[in-house]
Amino acid sequence: MTSLASHRVRPRGGALTQGLTLAWRSLVPLRNEPGRLVQLLLQPIFMILLFVCLFGAMTGDQTGTAQFLLPGVLVQVALVATNTTGMNLAEDIGNGVFDRFRSLPIARSAPLIGRILADTLTMLLTVTTSLLTGLVAGFRVRTSLAETLAGLALVLLFTFALSWASAWIGLKARSVASMQGMATAVLLPLTFGSTAFIPAANVPGWLRWWMDVNPVSHLAASLRVLLTGGPLGAHLWITLAWAVAIVAVFFPLAVHSYTRRIR
Amino acid sequence: MTYAIEAEGLIKRYGDKTALDGVNLAVRRGEVLAVLGPNGAGKTTAVRILATLVSPDGGSARVGGHDVVARPHQVRELIGLTGQYASVDENLTGTQNLMMIGRLLGMSRADARARAVGLLDRFGLTEAGDRAARTYSGGMRRRLDLAVSMVADPRIVFMDEPTTGLDPRARTELWDIVREQVAGGSTVLLTTQYLEEADQLADRIVVIDHGRVAADGTPDQLKSRAGHRRLEIRPERDLWTAHDILAQVIGVTPHVSCGQAAHRLSKDAAPRPPGGTATAEARAEDATERMADASSGAMPDRSYGPVEDGVLSVPIVDPAMVPEVFRRLADAGITLAEHALRRPSLDEAFLALVSAPSPDLSTPPQLSTGTGGMASAGRQAPSPSSEPPAPRPAVSSRQPQSSGRSMA
């Protein structure tokens, strides 16, 4: 069999090197077509401007609204962006790119690692853009740089956890469209049924119960404190606990679906 | 190691549907095997099992000597996969697609780039190298797909319907590329729905239908199994005199294509050449029509008066009869506008092979690996009692495994 194998390049490096190549593959279209990059950045810019300015105009208190709303909208933008993980996986599976990877002698985990790496990087871009837009719209950071970075890191950590759920749905979904539908059904109650937009004091009891449980409430509250100051309370720990719990549930599920898909 | 690809009794089920029902395949090193079959026959499933993309529910397969289930990684080091389902990344440029694969396979950035440049050149994509694959034409995409599967210079290549959906020119271009690859010594297993493609590219053809091997052989062997050679003549005049002479000499009522039928047959390739390359549909129609003629017992068209132009066609069991036919025609003063002695087309062979209801005793000796019996259309021929009245009893010259559609 040596003669058959002689022309063959033996892959060096492990899952991580291959994952980096595949992350490059996911990110390079942003460079190929600047339109994609603009689209990626416009989403957070519009959302932040829309929410902060519209609600600011409604309440007549631009600064106060921005201070309260920006962390919430930022969290919402970030959560919606976790969609892309599952959507891209569903797309790769649907159009056969995945089968190409599977026919190569590379680590089985490399495509998944590449996907998550790339999506974490674009998430960093999304979150940073959101914050900068907020600053333009009148939001002011009242805390130290370390606290600000900690806040953004918390958002990244939480969305990283959630992207495993997204990956699982994407691997289960039969198409990109059904993936989007499912993800929206999960994300809407999470984002809007939280204290990201509305203080819990103003809502009916049953919704208030959900808002208290909802991890997004705690994430938004943590970020609000880390950016504008105030007592952090238990929000940070509850958020971290949720992130761990989400990973604990969805990482095995995603990997299971993935290995079934790639076997 | 004689066989680069071996599969025994492959079974794959998707729910209630059995995609593969005990398929055997064996491809020698350096050989091109075409797996031919209609849509849904199980061709793609077979390729996906051999390329380690799905596991079989039964049977076993080895590629390059490695079991596809037990040692998939070793198999993946040997193979290239291309086709309708393994695809390129549309958002990357041609160069980027090739570089990505090179990098994944452990090449340095410089090596991967050099390999990409070389492949783009070889596949005629140099000018499109910096454009997103999304903007490529169908033919260019297939070429890029093929190029991507060649990055590692695999010695065993799977091509799943490489030309499906391509226009004839793009198809011919792709054939040339496949031939080049084969000339380099690669073992190729390609699936196709196109008989012509199998005939053009393959050393051997396996016909799959309903998840089973229906036949296996060289293109010539398959053609010979579809029935006898046929003598086709187009007299310049005196069609019916020629008809009677043929009937007398050969002992079989000739099939007449003229008037409406000739027009119908020639719609795709007018004028219909004697060595016919009519489409499968036309052939099927042709065959049905002959059956109808046979069962009704009607002598076609003679009652419509003299027909100036038409093609007469009879099956030839004994080639020695052919000179006799020409001598008798010459004696009668009939000159021929066209004549041909041809083997059944691959289309006819294909139709005969896949339309068999079940395997049975008619399995010919050449059949080596098929689990299903070869389809002989003889079974479908009209029974002797339904033969049209012929000048001489046609039944006497009938061979048991002659094709029904070759009998008038």
# chains A, B, ... in the order shown; residues from 1 in each chain; ligands from 1

$ interface_residues --of "chain B" --to "chain A" --cutoff "7 Å" --atoms "only C-alpha atoms" --output "PyMOL selection string"
chain B and resi 51-54+64+73+76-78+81+85-89+91-92+100+103-106+152-155

$ write_last_selection --atoms "C-alpha atoms" --output "CSV table (one decimal), in the first residue's frame"
chain,number,residue,atom,x,y,z
B,51,ALA,CA,-15.6,7.5,1.1
B,52,THR,CA,-16.2,6.9,4.9
B,53,LEU,CA,-19.1,9.4,5.0
B,54,VAL,CA,-21.7,6.9,6.2
B,64,GLY,CA,-6.6,0.8,-0.5
B,73,HIS,CA,-8.7,7.8,8.8
B,76,ARG,CA,-9.2,9.3,4.0
B,77,GLU,CA,-5.5,9.6,3.5
B,78,LEU,CA,-5.8,7.8,0.2
B,81,LEU,CA,-13.9,12.9,-3.2
B,85,TYR,CA,-22.6,16.4,-2.6
B,86,ALA,CA,-19.0,17.2,-1.7
B,87,SER,CA,-18.8,20.8,-2.4
B,88,VAL,CA,-16.6,23.8,-2.5
B,89,ASP,CA,-17.0,26.8,-0.1
B,91,ASN,CA,-17.7,32.3,-0.2
B,92,LEU,CA,-14.0,31.6,-0.8
B,100,MET,CA,-7.6,25.8,2.7
B,103,ARG,CA,-3.2,23.8,4.8
B,104,LEU,CA,-5.6,21.3,6.4
B,105,LEU,CA,-3.4,18.5,4.9
B,106,GLY,CA,-0.4,20.0,6.6
B,152,ALA,CA,-3.4,15.7,-2.0
B,153,ASP,CA,-2.8,13.9,-5.3
B,154,PRO,CA,-5.0,11.0,-4.3
B,155,ARG,CA,-4.5,7.7,-6.0

$ residues_around --residues "stretch 203-220 of chain A" --least-positions-apart "3" --cutoff "6 Å" --atoms "only C-alpha atoms" --output "PDB file with all heavy atoms, in the first residue's frame"
ATOM      1  N   PRO A  71     -26.438  48.503  28.048  1.00  0.00           N
ATOM      2  CA  PRO A  71     -25.997  47.145  28.388  1.00  0.00           C
ATOM      3  C   PRO A  71     -27.008  46.091  27.951  1.00  0.00           C
ATOM      4  O   PRO A  71     -26.624  45.036  27.441  1.00  0.00           O
ATOM      5  CB  PRO A  71     -25.869  47.198  29.917  1.00  0.00           C
ATOM      6  CG  PRO A  71     -25.677  48.639  30.228  1.00  0.00           C
ATOM      7  CD  PRO A  71     -26.497  49.385  29.227  1.00  0.00           C
ATOM      8  N   GLY A  72     -28.296  46.396  28.115  1.00  0.00           N
ATOM      9  CA  GLY A  72     -29.341  45.442  27.731  1.00  0.00           C
ATOM     10  C   GLY A  72     -29.351  45.188  26.235  1.00  0.00           C
ATOM     11  O   GLY A  72     -29.401  44.034  25.786  1.00  0.00           O
ATOM     12  N   GLY A 193     -37.905  38.864  27.445  1.00  0.00           N
ATOM     13  CA  GLY A 193     -38.460  38.553  28.771  1.00  0.00           C
ATOM     14  C   GLY A 193     -37.406  38.663  29.849  1.00  0.00           C
ATOM     15  O   GLY A 193     -37.293  37.794  30.710  1.00  0.00           O
ATOM     16  N   SER A 194     -36.613  39.690  29.772  1.00  0.00           N
ATOM     17  CA  SER A 194     -35.557  39.866  30.777  1.00  0.00           C
ATOM     18  C   SER A 194     -35.528  41.325  31.208  1.00  0.00           C
ATOM     19  O   SER A 194     -36.221  42.175  30.645  1.00  0.00           O
ATOM     20  CB  SER A 194     -34.203  39.493  30.173  1.00  0.00           C
ATOM     21  OG  SER A 194     -33.778  40.522  29.298  1.00  0.00           O
ATOM     22  N   THR A 195     -34.687  41.592  32.179  1.00  0.00           N
ATOM     23  CA  THR A 195     -34.563  42.980  32.627  1.00  0.00           C
ATOM     24  C   THR A 195     -33.569  43.753  31.761  1.00  0.00           C
ATOM     25  O   THR A 195     -33.104  44.821  32.138  1.00  0.00           O
ATOM     26  CB  THR A 195     -34.081  43.035  34.087  1.00  0.00           C
ATOM     27  OG1 THR A 195     -32.859  42.294  34.176  1.00  0.00           O
ATOM     28  CG2 THR A 195     -35.111  42.449  35.018  1.00  0.00           C
ATOM     29  N   ALA A 196     -33.237  43.176  30.566  1.00  0.00           N
ATOM     30  CA  ALA A 196     -32.328  43.878  29.670  1.00  0.00           C
ATOM     31  C   ALA A 196     -32.946  45.200  29.215  1.00  0.00           C
ATOM     32  O   ALA A 196     -32.256  46.191  29.034  1.00  0.00           O
ATOM     33  CB  ALA A 196     -31.992  43.007  28.467  1.00  0.00           C
ATOM     34  N   ALA A 200     -37.633  45.201  36.294  1.00  0.00           N
ATOM     35  CA  ALA A 200     -38.602  44.191  36.699  1.00  0.00           C
ATOM     36  C   ALA A 200     -39.750  44.771  37.523  1.00  0.00           C
ATOM     37  O   ALA A 200     -40.825  44.179  37.609  1.00  0.00           O
ATOM     38  CB  ALA A 200     -37.894  43.094  37.490  1.00  0.00           C
ATOM     39  N   LEU A 223     -23.583  43.284  33.420  1.00  0.00           N
ATOM     40  CA  LEU A 223     -22.894  44.183  32.495  1.00  0.00           C
ATOM     41  C   LEU A 223     -23.180  45.643  32.859  1.00  0.00           C
ATOM     42  O   LEU A 223     -22.293  46.501  32.836  1.00  0.00           O
ATOM     43  CB  LEU A 223     -23.347  43.903  31.052  1.00  0.00           C
ATOM     44  CG  LEU A 223     -22.652  44.746  29.982  1.00  0.00           C
ATOM     45  CD1 LEU A 223     -21.172  44.412  29.922  1.00  0.00           C
ATOM     46  CD2 LEU A 223     -23.295  44.535  28.617  1.00  0.00           C
ATOM     47  N   HIS A 235     -25.599  38.837  40.790  1.00  0.00           N
ATOM     48  CA  HIS A 235     -25.806  38.713  39.339  1.00  0.00           C
ATOM     49  C   HIS A 235     -24.650  38.012  38.631  1.00  0.00           C
ATOM     50  O   HIS A 235     -24.858  37.141  37.786  1.00  0.00           O
ATOM     51  CB  HIS A 235     -26.017  40.097  38.720  1.00  0.00           C
ATOM     52  CG  HIS A 235     -27.311  40.720  39.108  1.00  0.00           C
ATOM     53  ND1 HIS A 235     -28.513  40.064  38.984  1.00  0.00           N
ATOM     54  CD2 HIS A 235     -27.600  41.951  39.624  1.00  0.00           C
ATOM     55  CE1 HIS A 235     -29.491  40.851  39.404  1.00  0.00           C
ATOM     56  NE2 HIS A 235     -28.965  42.002  39.813  1.00  0.00           N
ATOM     57  N   THR A 239     -24.912  34.515  36.646  1.00  0.00           N
ATOM     58  CA  THR A 239     -24.606  34.476  35.218  1.00  0.00           C
ATOM     59  C   THR A 239     -23.562  33.408  34.916  1.00  0.00           C
ATOM     60  O   THR A 239     -23.722  32.599  33.993  1.00  0.00           O
ATOM     61  CB  THR A 239     -24.077  35.843  34.741  1.00  0.00           C
ATOM     62  OG1 THR A 239     -25.013  36.847  35.128  1.00  0.00           O
ATOM     63  CG2 THR A 239     -23.904  35.864  33.232  1.00  0.00           C
TER      64      THR A 239
END

$ residues_around --residues "A:Gly181" --least-positions-apart "4" --cutoff "12 Å" --atoms "only C-alpha atoms" --output "list of chain:residue names"
A:Asn83, A:Gly86, A:Met87, A:Ser166, A:Ile169, A:Gly170, A:Ala173, A:Arg174, A:Ser175, A:Val176, A:Ala177, A:Ala185, A:Val186, A:Leu187, A:Leu188

$ atom_distance --atom1 "atom CA of B:Arg204" --atom2 "atom CA of B:Leu36"
10.3 Å

$ closest_residue --among "A:Leu157, A:Ala23, A:Met58, A:Ala150" --to "A:Gly114" --atoms "only C-alpha atoms"
A:Ala23

$ residues_around --residues "A:Gly233" --least-positions-apart "5" --cutoff "12 Å" --atoms "only C-alpha atoms" --output "list in words"
His218, Ala221, Ser222, Arg224, Val225, Leu226, Ile238 and Thr239 of chain A

$ residues_around --residues "B:Gln200" --least-positions-apart "6" --cutoff "12 Å" --atoms "only C-alpha atoms" --output "list in words"
Val32, Leu33, Ala34, Arg171, Thr172, Leu174, Trp175, Asp176, Val178, Arg179, Leu190, Thr192, Tyr194, Thr218, Pro219, Asp220 and Leu346 of chain B

$ write_last_selection --atoms "N, CA, C and O atoms" --output "PDB file, in the first residue's frame"
ATOM      1  N   VAL B  32     -10.833   2.383 -14.208  1.00  0.00           N
ATOM      2  CA  VAL B  32     -11.933   3.327 -14.063  1.00  0.00           C
ATOM      3  C   VAL B  32     -13.235   2.540 -14.077  1.00  0.00           C
ATOM      4  O   VAL B  32     -13.554   1.882 -15.066  1.00  0.00           O
ATOM      5  N   LEU B  33     -13.935   2.582 -12.981  1.00  0.00           N
ATOM      6  CA  LEU B  33     -15.213   1.881 -12.900  1.00  0.00           C
ATOM      7  C   LEU B  33     -16.333   2.912 -12.890  1.00  0.00           C
ATOM      8  O   LEU B  33     -16.310   3.856 -12.103  1.00  0.00           O
ATOM      9  N   ALA B  34     -17.285   2.713 -13.768  1.00  0.00           N
ATOM     10  CA  ALA B  34     -18.468   3.577 -13.736  1.00  0.00           C
ATOM     11  C   ALA B  34     -19.593   2.816 -13.063  1.00  0.00           C
ATOM     12  O   ALA B  34     -19.882   1.680 -13.409  1.00  0.00           O
ATOM     13  N   ARG B 171     -19.297  19.367 -20.070  1.00  0.00           N
ATOM     14  CA  ARG B 171     -19.163  17.937 -19.792  1.00  0.00           C
ATOM     15  C   ARG B 171     -17.942  17.375 -20.510  1.00  0.00           C
ATOM     16  O   ARG B 171     -17.146  16.647 -19.925  1.00  0.00           O
ATOM     17  N   THR B 172     -17.795  17.746 -21.770  1.00  0.00           N
ATOM     18  CA  THR B 172     -16.649  17.249 -22.532  1.00  0.00           C
ATOM     19  C   THR B 172     -15.348  17.726 -21.908  1.00  0.00           C
ATOM     20  O   THR B 172     -14.380  16.974 -21.817  1.00  0.00           O
ATOM     21  N   LEU B 174     -14.816  18.371 -18.802  1.00  0.00           N
ATOM     22  CA  LEU B 174     -14.577  17.619 -17.576  1.00  0.00           C
ATOM     23  C   LEU B 174     -14.098  16.202 -17.885  1.00  0.00           C
ATOM     24  O   LEU B 174     -13.241  15.659 -17.197  1.00  0.00           O
ATOM     25  N   TRP B 175     -14.652  15.624 -18.942  1.00  0.00           N
ATOM     26  CA  TRP B 175     -14.199  14.287 -19.356  1.00  0.00           C
ATOM     27  C   TRP B 175     -12.707  14.299 -19.640  1.00  0.00           C
ATOM     28  O   TRP B 175     -11.980  13.391 -19.267  1.00  0.00           O
ATOM     29  N   ASP B 176     -12.258  15.346 -20.339  1.00  0.00           N
ATOM     30  CA  ASP B 176     -10.831  15.424 -20.667  1.00  0.00           C
ATOM     31  C   ASP B 176      -9.996  15.442 -19.391  1.00  0.00           C
ATOM     32  O   ASP B 176      -8.954  14.792 -19.311  1.00  0.00           O
ATOM     33  N   VAL B 178     -10.834  14.221 -16.482  1.00  0.00           N
ATOM     34  CA  VAL B 178     -10.878  12.899 -15.856  1.00  0.00           C
ATOM     35  C   VAL B 178      -9.910  11.961 -16.574  1.00  0.00           C
ATOM     36  O   VAL B 178      -9.162  11.217 -15.941  1.00  0.00           O
ATOM     37  N   ARG B 179      -9.894  12.032 -17.887  1.00  0.00           N
ATOM     38  CA  ARG B 179      -8.996  11.154 -18.649  1.00  0.00           C
ATOM     39  C   ARG B 179      -7.539  11.433 -18.302  1.00  0.00           C
ATOM     40  O   ARG B 179      -6.738  10.518 -18.169  1.00  0.00           O
ATOM     41  N   LEU B 190     -16.487   6.313 -10.595  1.00  0.00           N
ATOM     42  CA  LEU B 190     -17.383   7.439 -10.846  1.00  0.00           C
ATOM     43  C   LEU B 190     -18.793   6.933 -11.001  1.00  0.00           C
ATOM     44  O   LEU B 190     -19.020   5.837 -11.518  1.00  0.00           O
ATOM     45  N   THR B 192     -22.648   7.758 -12.484  1.00  0.00           N
ATOM     46  CA  THR B 192     -23.244   8.582 -13.524  1.00  0.00           C
ATOM     47  C   THR B 192     -24.599   8.024 -13.914  1.00  0.00           C
ATOM     48  O   THR B 192     -24.876   6.844 -13.725  1.00  0.00           O
ATOM     49  N   TYR B 194     -25.416   8.878 -16.980  1.00  0.00           N
ATOM     50  CA  TYR B 194     -25.278   8.988 -18.426  1.00  0.00           C
ATOM     51  C   TYR B 194     -24.513   7.799 -18.975  1.00  0.00           C
ATOM     52  O   TYR B 194     -23.363   7.566 -18.630  1.00  0.00           O
ATOM     53  N   THR B 218     -17.638  -4.868 -19.290  1.00  0.00           N
ATOM     54  CA  THR B 218     -17.127  -3.773 -20.097  1.00  0.00           C
ATOM     55  C   THR B 218     -18.303  -3.187 -20.869  1.00  0.00           C
ATOM     56  O   THR B 218     -19.335  -3.853 -21.030  1.00  0.00           O
ATOM     57  N   PRO B 219     -18.149  -1.954 -21.363  1.00  0.00           N
ATOM     58  CA  PRO B 219     -19.236  -1.384 -22.157  1.00  0.00           C
ATOM     59  C   PRO B 219     -19.642  -2.309 -23.301  1.00  0.00           C
ATOM     60  O   PRO B 219     -20.827  -2.505 -23.549  1.00  0.00           O
ATOM     61  N   ASP B 220     -18.671  -2.937 -23.961  1.00  0.00           N
ATOM     62  CA  ASP B 220     -18.988  -3.830 -25.075  1.00  0.00           C
ATOM     63  C   ASP B 220     -19.764  -5.062 -24.622  1.00  0.00           C
ATOM     64  O   ASP B 220     -20.713  -5.483 -25.271  1.00  0.00           O
ATOM     65  N   LEU B 346     -25.804   1.582 -26.085  1.00  0.00           N
ATOM     66  CA  LEU B 346     -25.697   1.422 -24.644  1.00  0.00           C
ATOM     67  C   LEU B 346     -27.022   1.762 -23.976  1.00  0.00           C
ATOM     68  O   LEU B 346     -27.380   1.224 -22.943  1.00  0.00           O
TER      69      LEU B 346
END

$ closest_residue --among "A:Met47, A:Thr65, A:Gln39, A:Thr148" --to "A:Ile198" --atoms "only C-alpha atoms"
A:Thr65

$ residues_around --residues "B:Glu90" --least-positions-apart "4" --cutoff "7 Å" --atoms "only C-alpha atoms" --output "tab-separated table (two decimals) with all heavy atoms, in the first residue's frame"
chain	number	residue	atom	x	y	z
B	132	ALA	N	-14.72	34.79	-6.01
B	132	ALA	CA	-15.46	33.88	-5.13
B	132	ALA	C	-16.07	32.76	-5.97
B	132	ALA	O	-16.57	32.99	-7.07
B	132	ALA	CB	-16.55	34.63	-4.39
B	133	ALA	N	-16.03	31.55	-5.44
B	133	ALA	CA	-16.54	30.39	-6.17
B	133	ALA	C	-18.02	30.55	-6.51
B	133	ALA	O	-18.51	29.96	-7.45
B	133	ALA	CB	-16.32	29.11	-5.36
B	134	ARG	N	-18.70	31.38	-5.74
B	134	ARG	CA	-20.12	31.63	-5.97
B	134	ARG	C	-20.36	32.18	-7.38
B	134	ARG	O	-21.41	31.96	-7.97
B	134	ARG	CB	-20.64	32.61	-4.92
B	134	ARG	CG	-22.10	32.87	-4.97
B	134	ARG	CD	-22.63	33.58	-3.71
B	134	ARG	NE	-21.62	33.90	-2.72
B	134	ARG	CZ	-20.94	35.05	-2.68
B	134	ARG	NH1	-21.16	35.97	-3.58
B	134	ARG	NH2	-20.06	35.26	-1.73

$ select_by_dssp --residues "stretch 120-274 of chain B" --states "helix (DSSP H, G or I)" --output "MDAnalysis selection string"
chainID B and resid 120:122 126:128 133:135 138:149 168:183 195:201 219:225 239:250 259:265
